[in-house]
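Engineer: My questions will all concern the structure given below.
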Number of protein chains: 6
Amino acid sequence: MYEIGVVYRNIPRAEAAVADRLGGFGSATVHEAMGRVGLLKPYLRPIHAGAQLAGTAVTVLLQPGDNWMLHVAAELIRPGDVVVAAVTSESTDGFFGDLLATSFQARGARALVIDGGCRDVKALGQMGFPVWSRAVSARGTVKATLGSVNIPVVCAGTLVHPGDVIVADDDGVVCVPRAVAAQTLEAAAKREANEADKRAKLAAGVLGLDMYKMREPLAAAGLRYIDSRED
Amino acid sequence: MYEIGVVYRNIPRAEAAVADRLGGFGSATVHEAMGRVGLLKPYLRPIHAGAQLAGTAVTVLLQPGDNWMLHVAAELIRPGDVVVAAVTSESTDGFFGDLLATSFQARGARALVIDGGCRDVKALGQMGFPVWSRAVSARGTVKATLGSVNIPVVCAGTLVHPGDVIVADDDGVVCVPRAVAAQTLEAAAKREANEADKRAKLAAGVLGLDMYKMREPLAAAGLRYIDSRED
Amino acid sequence: MYEIGVVYRNIPRAEAAVADRLGGFGSATVHEAMGRVGLLKPYLRPIHAGAQLAGTAVTVLLQPGDNWMLHVAAELIRPGDVVVAAVTSESTDGFFGDLLATSFQARGARALVIDGGCRDVKALGQMGFPVWSRAVSARGTVKATLGSVNIPVVCAGTLVHPGDVIVADDDGVVCVPRAVAAQTLEAAAKREANEADKRAKLAAGVLGLDMYKMREPLAAAGLRYIDSRED
Amino acid sequence: MYEIGVVYRNIPRAEAAVADRLGGFGSATVHEAMGRVGLLKPYLRPIHAGAQLAGTAVTVLLQPGDNWMLHVAAELIRPGDVVVAAVTSESTDGFFGDLLATSFQARGARALVIDGGCRDVKALGQMGFPVWSRAVSARGTVKATLGSVNIPVVCAGTLVHPGDVIVADDDGVVCVPRAVAAQTLEAAAKREANEADKRAKLAAGVLGLDMYKMREPLAAAGLRYIDSRED
Amino acid sequence: MYEIGVVYRNIPRAEAAVADRLGGFGSATVHEAMGRVGLLKPYLRPIHAGAQLAGTAVTVLLQPGDNWMLHVAAELIRPGDVVVAAVTSESTDGFFGDLLATSFQARGARALVIDGGCRDVKALGQMGFPVWSRAVSARGTVKATLGSVNIPVVCAGTLVHPGDVIVADDDGVVCVPRAVAAQTLEAAAKREANEADKRAKLAAGVLGLDMYKMREPLAAAGLRYIDSRED
Amino acid sequence: MYEIGVVYRNIPRAEAAVADRLGGFGSATVHEAMGRVGLLKPYLRPIHAGAQLAGTAVTVLLQPGDNWMLHVAAELIRPGDVVVAAVTSESTDGFFGDLLATSFQARGARALVIDGGCRDVKALGQMGFPVWSRAVSARGTVKATLGSVNIPVVCAGTLVHPGDVIVADDDGVVCVPRAVAAQTLEAAAKREANEADKRAKLAAGVLGLDMYKMREPLAAAGLRYIDSRED
């Protein structure tokens, strides 16, 4: 599926304003708004807790133990982008550290999502450059074999096209395809509007069983209530 | 071993005062006090560091990718309970988030222990609702298939009966069967009393080798000391 | 490869001043300075973020579920040491807790690196005793079977001799053999000197592509740039 | 949950004839007949393909890296038993090899199910002694720490009581509690009777969609059919 | 990225003759011919060794623990197809067994590739229906939640479109996009033509170092040869 | 610990006759004879069951996704060698296939042990070239970055020096250091002599409890026997 050795320039990107507002909702709400798809596998974790953001994807395909293409990608970054890096086979090596982060940040990148390892995590925290990765590893990489930039990649089990919206927070990372970003935003807003009301009811002691009218379908499915005997 | 589609009400619970005091000792001491059994597998981790508590178990058996029974369980929660959720096959999905947490907290639950994923972790931290889970995942779940509530479940490799005491902290989660809660409390208290004295001696430079009288059994087992040659 | 049941005393150690200065560079820089070798596998993680240190290795070979040899090792610790514990088969048990930490700290140990589990993590944080481990687990261990102290061990995939320098921080753990500690220090210093300059350039927007003169080798390798069509 | 250091003799066992007939149905059918519960986790695999059997459980609780209790269990084996061994923490060590197998076979055991490792697999194949294990490992174990025999154990995530029926084949291992063995047998027989008829229809090209009358519920759930455009 | 609840009919398929010939080359050769891309992750393993085949993909998106869509897919199968099933979150459940295999085989399917579990493996071997799966598990699934059929899916980390060519053997599973199937076939044929000659030379004792002219680039990269001293 | 970019020629090897005889005992016996050390981690599995052999190690250090050094190693192979390949970071790529096997076999190699992936497994079976690997993967590798040949390597957690004896069979892989090969052979022979007698006794129904005189130490450790009540 992958073209190797190509770099696409001038990719179309989802609208910045849409991306920004999707970031406000967070990954769980956006993932639900998309019909419960688009989540990258949960082994991707933030290297520091607390960041919540969205941006447009610049995609990178790396070779195992080789970070050459991250340098190529730096030139393609525009303010508001999130770099999404896949690797052609599983690797925990530290493809990314504070020097690349300095460069990415200078180019306007908001974050990195990488299906590999990252290092210099203390420095990255101090710089305020968020990373979601599968591992932290001090092990460095070579610059020897071509991959690609801005081709569609599968990162942590999910297809990401360049220009898609990436939403990331402590719950994980979601990819919203560019074509559905606007409608997803609308669905997310609708969903969140409902949640405030539900939260208030639940906080007041109303049961989800009643609020969601679950008692009837549960009974129809055969759920039986039994009183425990003291044993 | 499991009955599917049943909910037990009015389960007997371990004494609240005993549970509370067990919580004060923490999981490592309680686990030792039980004779080194009862620990849930260490892949269960707190979503936020620092909580230490105990409570009486309300147990839930979930189906993979389905959190219906957590809603059923909410009604059964009494103040001081800890909800313990097992899944019939391995899953990292986000079965639990801030809405359910709001409901559980309103009902008096102290925490959730789940052999699956959890989401909305930032909000859960802000609410002060502790969760021990095998994963964090934004992926939501359906409400389609029955499980059970308040049956004995195997959670993270350990059998938990409804009403047992659950002790949880940064070191992990221990289940103390209701029938042995009082005697475990006594053993834990005894154990901890000893520890303060030991700690002081070790801090003063006394060796465990001497304090625990290990030199003789080590020699009997054949341990040999050799002086290194400078190489 | 292992001798079982032996304890080497008076091991030669790398120079303390060299170890201290290596600690200042951190694991990623030291690992690069060694020619990209010496890193322990990245599944070893600090139990608390933020520590950065180095010390000379006291090595321990443990049997699964048995921490007897850690007590034996305590007597061999000298100020400035880092205890490095391997296990003869994979185990996540909690071999180490606050009592042993009290003893190790009293003897002058700076940290523990263990290819197994650790417990009492909250207390260890309060004591300021850093640990890098493969797991956190409340499960305790027995004292029944001999291992060894101060023999060469393979810990998390890397060979560690007693007296080697161990460098550890949030990025992981590196072993610098005693014989190459001084030259590694020199290489690390040289490497770091370069980095400040590079960082400034990258922060100013200079691309790694230009700074590292990558454009020509990338072209020689066949990299092609393509302008995206708006799709 | 576990008593350590006890051996129960003269345990009640499920009826041999029932166990034998359950073995004939295999693990998948029996697991369905139980209401889709009772399966041990699928990481347990047969060391050789092709065996299919059932027997009554003699349970063993082992300590990590220690097979002492398997020797104790040998004396408790009666013809038709299957030994089920759990370990108090995860271990892949080779707890069991051809000498123990010789002893177990001489006592009438039909198989071993072990949540740990096994060795001498070629010899076990030649002897015709089937084993389901989590690993194969040449690593041997010590005889130093007590566990228990014939207490309820959690093996590969499932609770097994002594005397329960264990059904094992290439698809995995199922535990049928003694109390429900007879009714499970009946349910399994009923299920299998249906299957022959279904198989014939499907082989003739009838679709499950029609045979199981799924078209209507699928449409009700909103399934839409779309004709692909040639792209 | 996924549409949920849709079934595409009359998908375009790669040419049958091209698929058949790709099958003759096997996954390793085809993977190289594609430029070293297209391989599904190696955790997918054949349930029985020895099968080697290719076919056109009918794709299925399953929900965890739910095999409803496999029944829907059966109707879409045409002779020469290989069914490729992805799951929206990781699951080892037994989604597929001998009844579905009977149906698939009757419809002309050549194999199943599933990023989940499979059961009835002995029967599947007797039927001669090959399966590549991530697990074997007797655990059954429900029919409650919609997925989709014949949408693009990510299976074991690789994007598969309906109609693509799937090549599978003991080395793994490769997806060849329909659009590049013919050119991949050509490249594979060229590659294999070269291999026979190489194999003969290597068998005669010629070194790869000489045959591939590696000595010069190795020396240029700095490789040094040293004679061991007898130690 | 590793020198990168060096190849040692004319390494000393353990005596061929000793290696051959160690191979006859198999990995479990040799591992016990060494005092229960030297086993490579059990995730290394034979790609085909049934081989049992030993040979002298030619060691290789590979870079991730790069098999260049296997070609360099071919020239160093002498009849009776077993090639042992480590990788500087974890990788499942297919570093080795039938062409390299043809070359290795022509040079007299008996087998490959690789802490990475292997491919062409069907062809390797037909050629009779045994491989122990951590994975099977069709994914190929590049030839771009130097590693080393015949330096000490850590393979699957165990240190292997060039010239050591490697013993491998269905139970796993053991490394016997050259310096202790002869004494290990003697210990293995002694151990096996005992086993035949033990096996006969156990087959006759004698219990290990009695044969190994375990009843007394078990009682001393506190083991209690209890008669089950029919429940």
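So you can find residues: chains in the structure tokens are A, B, ... in the order shown, residues in each start at 1, and ligands are numbered from 1 in order.
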Do me a favour and pick out the residues of chain E within 7 Å of chain D, using only C-alpha atoms, as an mmCIF file with N, CA and C atoms, in the first residue's frame.
Structural biologist:
data_model
loop_
_atom_site.group_PDB
_atom_site.id
_atom_site.type_symbol
_atom_site.label_atom_id
_atom_site.label_comp_id
_atom_site.auth_asym_id
_atom_site.auth_seq_id
_atom_site.Cartn_x
_atom_site.Cartn_y
_atom_site.Cartn_z
ATOM 1 N N GLY E 5 -21.983 -0.111 9.518
ATOM 2 C CA GLY E 5 -23.341 -0.481 9.120
ATOM 3 C C GLY E 5 -23.594 -0.465 7.624
ATOM 4 N N VAL E 6 -22.542 -0.608 6.848
ATOM 5 C CA VAL E 6 -22.727 -0.645 5.388
ATOM 6 C C VAL E 6 -22.096 -1.899 4.790
ATOM 7 N N VAL E 7 -22.703 -2.352 3.714
ATOM 8 C CA VAL E 7 -22.212 -3.524 2.983
ATOM 9 C C VAL E 7 -22.110 -3.139 1.518
ATOM 10 N N TYR E 8 -20.928 -3.223 0.968
ATOM 11 C CA TYR E 8 -20.763 -2.937 -0.450
ATOM 12 C C TYR E 8 -20.849 -4.228 -1.260
ATOM 13 N N ARG E 9 -21.725 -4.167 -2.264
ATOM 14 C CA ARG E 9 -21.892 -5.313 -3.170
ATOM 15 C C ARG E 9 -21.173 -5.032 -4.484
ATOM 16 N N ASN E 10 -20.905 -6.095 -5.217
ATOM 17 C CA ASN E 10 -20.354 -5.957 -6.573
ATOM 18 C C ASN E 10 -19.070 -5.156 -6.590
ATOM 19 N N ILE E 11 -18.246 -5.462 -5.649
ATOM 20 C CA ILE E 11 -16.955 -4.773 -5.625
ATOM 21 C C ILE E 11 -16.108 -5.196 -6.814
ATOM 22 N N PRO E 12 -15.293 -4.274 -7.312
ATOM 23 C CA PRO E 12 -14.328 -4.687 -8.342
ATOM 24 C C PRO E 12 -13.255 -5.544 -7.691
ATOM 25 N N HIS E 71 -21.376 -13.467 8.980
ATOM 26 C CA HIS E 71 -22.537 -14.066 8.316
ATOM 27 C C HIS E 71 -22.989 -13.213 7.149
ATOM 28 N N VAL E 72 -22.933 -11.896 7.342
ATOM 29 C CA VAL E 72 -23.305 -10.988 6.246
ATOM 30 C C VAL E 72 -22.323 -11.136 5.081
ATOM 31 N N GLU E 75 -22.524 -13.993 2.080
ATOM 32 C CA GLU E 75 -23.319 -13.812 0.860
ATOM 33 C C GLU E 75 -22.537 -13.101 -0.242
ATOM 34 N N LEU E 99 -18.695 -24.162 11.314
ATOM 35 C CA LEU E 99 -19.946 -23.900 10.597
ATOM 36 C C LEU E 99 -19.762 -22.769 9.592
ATOM 37 N N THR E 102 -17.730 -23.953 6.742
ATOM 38 C CA THR E 102 -18.517 -24.753 5.793
ATOM 39 C C THR E 102 -19.243 -23.834 4.819
ATOM 40 N N SER E 103 -19.814 -22.785 5.361
ATOM 41 C CA SER E 103 -20.535 -21.838 4.523
ATOM 42 C C SER E 103 -19.597 -21.098 3.570
ATOM 43 N N ALA E 106 -18.434 -23.382 0.866
ATOM 44 C CA ALA E 106 -19.499 -23.628 -0.106
ATOM 45 C C ALA E 106 -19.654 -22.450 -1.071
ATOM 46 N N ARG E 107 -19.349 -21.263 -0.592
ATOM 47 C CA ARG E 107 -19.466 -20.069 -1.452
ATOM 48 C C ARG E 107 -18.226 -19.865 -2.308
ATOM 49 N N ARG E 119 -11.699 -20.880 16.059
ATOM 50 C CA ARG E 119 -11.830 -22.118 16.823
ATOM 51 C C ARG E 119 -12.185 -23.285 15.895
ATOM 52 N N ASP E 120 -12.368 -24.471 16.474
ATOM 53 C CA ASP E 120 -12.598 -25.683 15.681
ATOM 54 C C ASP E 120 -11.411 -25.937 14.763
ATOM 55 N N VAL E 121 -10.212 -25.729 15.273
ATOM 56 C CA VAL E 121 -9.063 -25.795 14.378
ATOM 57 C C VAL E 121 -8.830 -27.200 13.842
ATOM 58 N N LYS E 122 -9.147 -28.204 14.627
ATOM 59 C CA LYS E 122 -8.958 -29.545 14.093
ATOM 60 C C LYS E 122 -9.904 -29.780 12.909
ATOM 61 N N VAL E 136 -5.983 -18.751 18.720
ATOM 62 C CA VAL E 136 -6.971 -19.823 18.692
ATOM 63 C C VAL E 136 -7.705 -19.734 20.016
ATOM 64 N N SER E 137 -9.027 -19.720 19.976
ATOM 65 C CA SER E 137 -9.785 -19.619 21.212
ATOM 66 C C SER E 137 -11.156 -20.253 21.036
ATOM 67 N N ALA E 138 -11.531 -21.081 22.004
ATOM 68 C CA ALA E 138 -12.847 -21.719 21.960
ATOM 69 C C ALA E 138 -13.973 -20.747 22.291
ATOM 70 N N ARG E 139 -13.634 -19.571 22.735
ATOM 71 C CA ARG E 139 -14.662 -18.631 23.158
ATOM 72 C C ARG E 139 -15.506 -18.135 21.990
ATOM 73 N N GLY E 140 -16.806 -18.268 22.119
ATOM 74 C CA GLY E 140 -17.747 -17.843 21.086
ATOM 75 C C GLY E 140 -18.101 -16.376 21.200
#
Engineer: Both chains have the same sequence, so superpose chain B on chain F over all Cα atoms paired in order and return it as a CSV table (one decimal) with C-alpha atoms, in the first residue's frame.
Structural biologist:
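And here's superposed.csv as it stands now:
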chain,number,residue,atom,x,y,z
B,1,MET,CA,29.5,-3.4,26.0
B,2,TYR,CA,29.6,-3.9,22.2
B,3,GLU,CA,32.3,-3.0,19.7
B,4,ILE,CA,30.5,-2.0,16.5
B,5,GLY,CA,32.1,-2.6,13.1
B,6,VAL,CA,34.5,-5.4,13.9
B,7,VAL,CA,34.8,-9.0,12.8
B,8,TYR,CA,36.9,-11.4,14.7
B,9,ARG,CA,38.5,-14.2,12.7
B,10,ASN,CA,40.1,-17.5,13.9
B,11,ILE,CA,38.2,-17.6,17.1
B,12,PRO,CA,38.9,-20.4,19.5
B,13,ARG,CA,36.1,-22.9,19.5
B,14,ALA,CA,35.0,-25.5,22.1
B,15,GLU,CA,36.1,-29.0,21.1
B,16,ALA,CA,33.9,-30.5,18.4
B,17,ALA,CA,33.5,-33.9,20.2
B,18,VAL,CA,32.4,-32.2,23.4
B,19,ALA,CA,29.8,-30.1,21.5
B,20,ASP,CA,28.5,-33.2,19.7
B,21,ARG,CA,28.0,-35.1,22.9
B,22,LEU,CA,26.4,-32.2,24.7
B,23,GLY,CA,23.9,-32.1,21.8
B,24,GLY,CA,22.9,-35.7,22.6
B,25,PHE,CA,21.7,-34.7,26.0
B,26,GLY,CA,19.4,-31.9,25.0
B,27,SER,CA,18.8,-28.5,26.4
B,28,ALA,CA,17.0,-29.4,29.6
B,29,THR,CA,19.6,-31.8,30.9
B,30,VAL,CA,22.5,-29.5,29.9
B,31,HIS,CA,20.8,-26.5,31.5
B,32,GLU,CA,20.5,-28.5,34.8
B,33,ALA,CA,24.0,-29.7,34.5
B,34,MET,CA,25.3,-26.1,34.3
B,35,GLY,CA,23.5,-25.4,37.6
B,36,ARG,CA,20.4,-24.1,36.0
B,37,VAL,CA,21.9,-21.3,34.1
B,38,GLY,CA,22.7,-20.5,30.4
B,39,LEU,CA,19.2,-20.9,29.0
B,40,LEU,CA,18.2,-18.4,26.3
B,41,LYS,CA,14.7,-16.9,27.0
B,42,PRO,CA,11.9,-19.3,26.1
B,43,TYR,CA,10.4,-17.0,23.5
B,44,LEU,CA,13.0,-18.4,21.1
B,45,ARG,CA,11.2,-21.3,19.4
B,46,PRO,CA,12.2,-23.8,16.7
B,47,ILE,CA,10.5,-23.0,13.3
B,48,HIS,CA,10.0,-26.8,12.9
B,49,ALA,CA,9.7,-29.3,15.8
B,50,GLY,CA,12.1,-32.2,16.1
B,51,ALA,CA,15.6,-31.0,15.6
B,52,GLN,CA,18.1,-31.6,18.4
B,53,LEU,CA,21.7,-30.5,17.9
B,54,ALA,CA,24.7,-28.7,19.3
B,55,GLY,CA,27.5,-26.7,17.7
B,56,THR,CA,30.1,-24.0,18.3
B,57,ALA,CA,28.9,-20.4,18.2
B,58,VAL,CA,29.7,-17.9,15.5
B,59,THR,CA,28.1,-14.7,17.0
B,60,VAL,CA,26.6,-11.9,15.0
B,61,LEU,CA,25.3,-8.5,16.2
B,62,LEU,CA,22.7,-7.1,13.9
B,63,GLN,CA,21.1,-3.7,13.6
B,64,PRO,CA,17.3,-3.6,13.6
B,65,GLY,CA,15.9,-4.3,10.1
B,66,ASP,CA,19.3,-4.9,8.7
B,67,ASN,CA,20.9,-8.3,7.9
B,68,TRP,CA,24.2,-7.1,6.4
B,69,MET,CA,26.3,-8.8,9.1
B,70,LEU,CA,24.8,-12.3,8.4
B,71,HIS,CA,26.5,-12.1,5.0
B,72,VAL,CA,29.7,-11.2,6.7
B,73,ALA,CA,29.3,-14.0,9.1
B,74,ALA,CA,28.9,-16.6,6.4
B,75,GLU,CA,32.6,-16.4,5.6
B,76,LEU,CA,33.5,-17.1,9.2
B,77,ILE,CA,31.5,-20.3,9.5
B,78,ARG,CA,33.3,-23.6,9.9
B,79,PRO,CA,31.7,-27.1,9.8
B,80,GLY,CA,29.9,-27.7,13.1
B,81,ASP,CA,29.1,-24.1,13.9
B,82,VAL,CA,25.8,-22.7,15.0
B,83,VAL,CA,25.3,-19.0,14.1
B,84,VAL,CA,23.9,-17.0,17.0
B,85,ALA,CA,22.5,-13.6,16.0
B,86,ALA,CA,21.5,-10.8,18.4
B,87,VAL,CA,19.9,-7.5,17.4
B,88,THR,CA,20.7,-4.1,19.0
B,89,SER,CA,17.0,-3.5,19.5
B,90,GLU,CA,13.9,-5.7,19.5
B,91,SER,CA,12.8,-6.7,16.0
B,92,THR,CA,10.7,-9.4,14.4
B,93,ASP,CA,11.8,-8.8,10.8
B,94,GLY,CA,12.8,-11.7,8.6
B,95,PHE,CA,16.6,-11.3,8.7
B,96,PHE,CA,17.2,-14.8,7.4
B,97,GLY,CA,15.7,-16.9,4.6
B,98,ASP,CA,16.5,-19.7,2.2
B,99,LEU,CA,19.3,-18.0,0.3
B,100,LEU,CA,21.3,-17.3,3.4
B,101,ALA,CA,20.5,-20.7,4.7
B,102,THR,CA,21.8,-22.2,1.5
B,103,SER,CA,25.0,-20.3,2.0
B,104,PHE,CA,25.3,-21.2,5.7
B,105,GLN,CA,24.6,-24.8,5.0
B,106,ALA,CA,27.2,-24.9,2.2
B,107,ARG,CA,29.8,-23.5,4.7
B,108,GLY,CA,28.9,-26.2,7.2
B,109,ALA,CA,26.6,-24.4,9.7
B,110,ARG,CA,24.3,-26.7,11.6
B,111,ALA,CA,21.7,-24.1,12.6
B,112,LEU,CA,20.8,-20.5,13.3
B,113,VAL,CA,19.6,-19.1,16.6
B,114,ILE,CA,18.3,-15.5,16.1
B,115,ASP,CA,16.7,-13.0,18.4
B,116,GLY,CA,14.7,-11.8,15.5
B,117,GLY,CA,12.5,-13.1,12.7
B,118,CYS,CA,13.1,-15.6,10.0
B,119,ARG,CA,11.3,-16.4,6.7
B,120,ASP,CA,11.0,-19.0,4.0
B,121,VAL,CA,10.2,-21.4,6.8
B,122,LYS,CA,8.8,-24.0,4.4
B,123,ALA,CA,11.9,-24.1,2.3
B,124,LEU,CA,14.1,-24.2,5.4
B,125,GLY,CA,12.2,-27.3,6.5
B,126,GLN,CA,12.7,-28.9,3.2
B,127,MET,CA,16.4,-28.1,3.3
B,128,GLY,CA,16.7,-29.5,6.8
B,129,PHE,CA,18.3,-26.3,8.1
B,130,PRO,CA,17.0,-25.7,11.7
B,131,VAL,CA,16.3,-22.2,13.0
B,132,TRP,CA,15.3,-21.0,16.5
B,133,SER,CA,13.8,-17.6,16.3
B,134,ARG,CA,11.6,-15.1,18.1
B,135,ALA,CA,9.2,-14.8,15.1
B,136,VAL,CA,8.4,-15.8,11.6
B,137,SER,CA,8.0,-12.8,9.3
B,138,ALA,CA,8.1,-12.4,5.5
B,139,ARG,CA,9.4,-8.8,6.0
B,140,GLY,CA,12.9,-8.3,4.5
B,141,THR,CA,15.7,-6.2,5.7
B,142,VAL,CA,18.3,-3.7,4.4
B,143,LYS,CA,22.1,-3.9,4.2
B,144,ALA,CA,23.1,-0.4,5.4
B,145,THR,CA,24.5,-0.3,8.9
B,146,LEU,CA,27.4,-2.1,10.4
B,147,GLY,CA,27.2,-4.5,13.4
B,148,SER,CA,29.8,-7.0,14.3
B,149,VAL,CA,30.8,-10.7,14.0
B,150,ASN,CA,32.3,-12.9,16.7
B,151,ILE,CA,32.1,-10.5,19.6
B,152,PRO,CA,30.3,-11.5,22.8
B,153,VAL,CA,26.6,-10.9,22.4
B,154,VAL,CA,23.5,-11.0,24.5
B,155,CYS,CA,21.0,-13.2,22.6
B,156,ALA,CA,17.5,-13.6,24.2
B,157,GLY,CA,18.9,-12.5,27.6
B,158,THR,CA,21.9,-14.8,27.7
B,159,LEU,CA,25.6,-13.9,27.1
B,160,VAL,CA,27.1,-15.9,24.2
B,161,HIS,CA,30.8,-15.8,23.4
B,162,PRO,CA,32.1,-16.9,20.0
B,163,GLY,CA,33.2,-20.5,20.3
B,164,ASP,CA,30.8,-21.4,23.1
B,165,VAL,CA,28.7,-24.5,22.7
B,166,ILE,CA,25.0,-24.0,21.7
B,167,VAL,CA,22.6,-26.8,22.5
B,168,ALA,CA,19.2,-26.6,21.0
B,169,ASP,CA,16.1,-28.7,20.7
B,170,ASP,CA,12.3,-28.5,21.1
B,171,ASP,CA,12.7,-27.3,24.7
B,172,GLY,CA,14.9,-24.3,23.8
B,173,VAL,CA,18.5,-23.1,23.5
B,174,VAL,CA,21.3,-23.3,26.0
B,175,CYS,CA,24.7,-21.7,25.8
B,176,VAL,CA,27.6,-23.6,27.5
B,177,PRO,CA,30.7,-21.4,27.8
B,178,ARG,CA,33.7,-23.0,26.1
B,179,ALA,CA,35.6,-23.0,29.4
B,180,VAL,CA,33.1,-25.2,31.1
B,181,ALA,CA,32.0,-27.4,28.2
B,182,ALA,CA,33.9,-30.5,29.3
B,183,GLN,CA,32.8,-30.4,32.9
B,184,THR,CA,29.3,-29.7,31.9
B,185,LEU,CA,29.4,-32.7,29.7
B,186,GLU,CA,30.5,-34.8,32.6
B,187,ALA,CA,27.7,-33.4,34.8
B,188,ALA,CA,25.1,-34.0,32.1
B,189,ALA,CA,26.2,-37.6,31.7
B,190,LYS,CA,26.0,-38.2,35.4
B,191,ARG,CA,22.6,-36.6,35.6
B,192,GLU,CA,21.2,-38.6,32.7
B,193,ALA,CA,22.5,-41.9,34.2
B,194,ASN,CA,20.4,-41.2,37.2
B,195,GLU,CA,17.4,-40.4,35.2
B,196,ALA,CA,16.9,-43.8,33.7
B,197,ASP,CA,16.7,-45.4,37.1
B,198,LYS,CA,14.3,-42.8,38.4
B,199,ARG,CA,12.1,-43.1,35.4
B,200,ALA,CA,11.7,-46.8,35.9
B,201,LYS,CA,10.8,-46.4,39.5
B,202,LEU,CA,8.2,-43.7,38.8
B,203,ALA,CA,6.8,-45.7,35.9
B,204,ALA,CA,6.3,-48.5,38.4
B,205,GLY,CA,4.2,-46.2,40.6
B,206,VAL,CA,6.8,-45.2,43.2
B,207,LEU,CA,6.1,-41.6,44.2
B,208,GLY,CA,8.7,-38.8,43.9
B,209,LEU,CA,7.7,-38.0,47.5
B,210,ASP,CA,9.3,-41.2,48.5
B,211,MET,CA,12.0,-41.6,45.9
B,212,TYR,CA,13.3,-38.0,46.6
B,213,LYS,CA,12.6,-38.4,50.4
B,214,MET,CA,10.4,-35.2,50.4
B,215,ARG,CA,7.9,-36.2,53.1
B,216,GLU,CA,10.1,-35.0,55.9
B,217,PRO,CA,11.1,-31.7,54.6
B,218,LEU,CA,7.5,-31.0,53.5
B,219,ALA,CA,6.3,-31.8,57.0
B,220,ALA,CA,9.0,-29.6,58.4
B,221,ALA,CA,7.9,-26.8,56.2
B,222,GLY,CA,4.4,-27.2,57.7
B,223,LEU,CA,2.4,-29.0,55.0
B,224,ARG,CA,-0.9,-30.2,56.4
B,225,TYR,CA,-3.1,-32.9,55.0
B,226,ILE,CA,-6.9,-32.5,55.4
B,227,ASP,CA,-9.7,-34.9,54.3
B,228,SER,CA,-12.2,-33.2,52.2
B,229,ARG,CA,-15.8,-33.2,53.4
B,230,GLU,CA,-18.2,-34.1,50.7
B,231,ASP,CA,-19.8,-30.8,49.9
Engineer: Please give the complete set of residues from region 18-211 of chain C that DSSP, run on the backbone, assigns to strand (DSSP E), formatted as an MDAnalysis selection string.
Structural biologist: chainID C and resid 45:46 53:62 81:87 94:96 111:118 131:136 148:149 153:155 158:160 165:169 172:176
